[in-house]
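Visitor: Pasting a structure below so you can have a look.
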Amino acid sequence: MGKQVARRGWVLWLRRLLVVLGAVQTGIGFSDLQRPTHALGELATWQVASAVALLSMARRPATAEALLPTMACVTVLTVFVSLRDIADGRTSAAGELPHVWLVAGFAAAVALWLANGCGDSHVQVVAERVELDPGQRDVAVQRPVDRAAHHFR
């Protein structure tokens, strides 16, 4: 019981952190939307989209399983481009600091996903063999099983 209460507290803390990180990411994105260049406008759309993903995961942690692959792609590519631009001298490390919020948000989203059971659904489909009539062939069927109850067997 104590572990479950601690896990709920951890999940609540992560959800609140995602709200803060999503809000910061939204602010960065909307400020970049006002910049005059096309490239910055496109970057801002990704920042706002990432913020929406973070806020969605904060609202409903179960959405993390669906949103994390896209968030991983955006985060990894952003880090790659940032490091490349720093190495090529096109920007400074300080100029890339706003991307830390994206990386922190992705890390918090992964932590939330892990704390929530890594996409463990409460319903699992299991296959079992069912005999229809004596003398007829057995057939494999699938039926849903309550996974929460399954763990207590």
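By convention here, the chains of the structure tokens are called A, B, ... in the order presented, each chain's residues are numbered starting at 1, and ligands are numbered starting at 1 in the order presented.
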Just want the 8 Å neighbourhood of His99 (chain A), counted on only C-alpha atoms, with same-chain residues fewer than 4 positions away dropped. Output as an mmCIF file with all heavy atoms, in the first residue's frame.
Guide:
data_model
loop_
_atom_site.group_PDB
_atom_site.id
_atom_site.type_symbol
_atom_site.label_atom_id
_atom_site.label_comp_id
_atom_site.auth_asym_id
_atom_site.auth_seq_id
_atom_site.Cartn_x
_atom_site.Cartn_y
_atom_site.Cartn_z
ATOM 1 N N THR A 78 16.533 17.849 -32.258
ATOM 2 C CA THR A 78 16.846 19.184 -31.744
ATOM 3 C C THR A 78 18.215 19.197 -31.078
ATOM 4 O O THR A 78 19.024 20.106 -31.302
ATOM 5 C CB THR A 78 15.765 19.662 -30.754
ATOM 6 O OG1 THR A 78 14.515 19.726 -31.455
ATOM 7 C CG2 THR A 78 16.094 21.023 -30.178
ATOM 8 N N VAL A 79 18.498 18.179 -30.263
ATOM 9 C CA VAL A 79 19.809 18.091 -29.605
ATOM 10 C C VAL A 79 20.904 17.932 -30.649
ATOM 11 O O VAL A 79 21.951 18.596 -30.585
ATOM 12 C CB VAL A 79 19.834 16.938 -28.581
ATOM 13 C CG1 VAL A 79 21.248 16.647 -28.098
ATOM 14 C CG2 VAL A 79 18.923 17.258 -27.401
ATOM 15 N N VAL A 103 14.204 19.184 -23.665
ATOM 16 C CA VAL A 103 14.873 17.973 -23.182
ATOM 17 C C VAL A 103 14.343 17.603 -21.791
ATOM 18 O O VAL A 103 14.058 16.430 -21.517
ATOM 19 C CB VAL A 103 16.405 18.158 -23.170
ATOM 20 C CG1 VAL A 103 17.100 16.962 -22.543
ATOM 21 C CG2 VAL A 103 16.920 18.387 -24.596
#
Visitor: For a quick check of understanding, using only C-alpha atoms, which of A:Ala72, A:Ala62, A:Val24, A:Val19 has the smallest distance to Gln47 (chain A)?
Guide: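 Comparing A:Ala72, A:Ala62, A:Val24, A:Val19 against Gln47 (chain A), the winner is A:Val24.
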Visitor: Quick one, how far is CA of Ala58 (chain A) from CA of Arg16 (chain A)?
Guide: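 Here the two named atoms are 6.9 Å from each other.
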Visitor: What's around Leu12 (chain A) at 12 Å? Count only C-alpha atoms, leave out sequence neighbours fewer than 4 positions away in its own chain, and write the answer as a list in words.
Guide: Val5, Ala6, Arg7, Arg8, Arg16, Leu17, Leu18, Val19, Met57, Ala58, Arg59, Arg60, Pro61, Ala108, Ala111, Leu112, Ala115 and Asn116 of chain A
Visitor: Write out as a PyMOL selection string which residues come within 10 Å of Glu96 (chain A) when counting only C-alpha atoms, dropping same-chain ones fewer than 4 positions away.
Guide: chain A and resi 78-79+81-83+85-86+91-92+100
Visitor: Go ahead and write the residues just picked, N, CA and C atoms, as a PDB file, in the first residue's frame.
Guide:
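Final output, saved to result.pdb:
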ATOM      1  N   THR A  78      16.533  17.849 -32.258  1.00  0.00           N
ATOM      2  CA  THR A  78      16.846  19.184 -31.744  1.00  0.00           C
ATOM      3  C   THR A  78      18.215  19.197 -31.078  1.00  0.00           C
ATOM      4  N   VAL A  79      18.498  18.179 -30.263  1.00  0.00           N
ATOM      5  CA  VAL A  79      19.809  18.091 -29.605  1.00  0.00           C
ATOM      6  C   VAL A  79      20.904  17.932 -30.649  1.00  0.00           C
ATOM      7  N   VAL A  81      20.944  18.871 -33.878  1.00  0.00           N
ATOM      8  CA  VAL A  81      21.137  20.124 -34.626  1.00  0.00           C
ATOM      9  C   VAL A  81      21.797  21.176 -33.740  1.00  0.00           C
ATOM     10  N   SER A  82      21.394  21.244 -32.485  1.00  0.00           N
ATOM     11  CA  SER A  82      21.985  22.217 -31.565  1.00  0.00           C
ATOM     12  C   SER A  82      23.478  21.955 -31.372  1.00  0.00           C
ATOM     13  N   LEU A  83      23.848  20.700 -31.131  1.00  0.00           N
ATOM     14  CA  LEU A  83      25.266  20.375 -30.942  1.00  0.00           C
ATOM     15  C   LEU A  83      26.067  20.629 -32.219  1.00  0.00           C
ATOM     16  N   ASP A  85      25.342  22.848 -34.573  1.00  0.00           N
ATOM     17  CA  ASP A  85      25.453  24.293 -34.763  1.00  0.00           C
ATOM     18  C   ASP A  85      26.461  24.917 -33.796  1.00  0.00           C
ATOM     19  N   ILE A  86      26.531  24.407 -32.591  1.00  0.00           N
ATOM     20  CA  ILE A  86      27.535  24.892 -31.633  1.00  0.00           C
ATOM     21  C   ILE A  86      28.932  24.522 -32.127  1.00  0.00           C
ATOM     22  N   THR A  91      26.238  29.134 -33.578  1.00  0.00           N
ATOM     23  CA  THR A  91      25.566  29.633 -32.381  1.00  0.00           C
ATOM     24  C   THR A  91      26.411  29.295 -31.168  1.00  0.00           C
ATOM     25  N   SER A  92      26.059  29.877 -30.056  1.00  0.00           N
ATOM     26  CA  SER A  92      26.768  29.567 -28.806  1.00  0.00           C
ATOM     27  C   SER A  92      25.918  28.609 -27.979  1.00  0.00           C
ATOM     28  N   VAL A 100      16.815  23.336 -23.617  1.00  0.00           N
ATOM     29  CA  VAL A 100      16.902  22.544 -22.387  1.00  0.00           C
ATOM     30  C   VAL A 100      15.504  22.233 -21.853  1.00  0.00           C
TER      31      VAL A 100
END
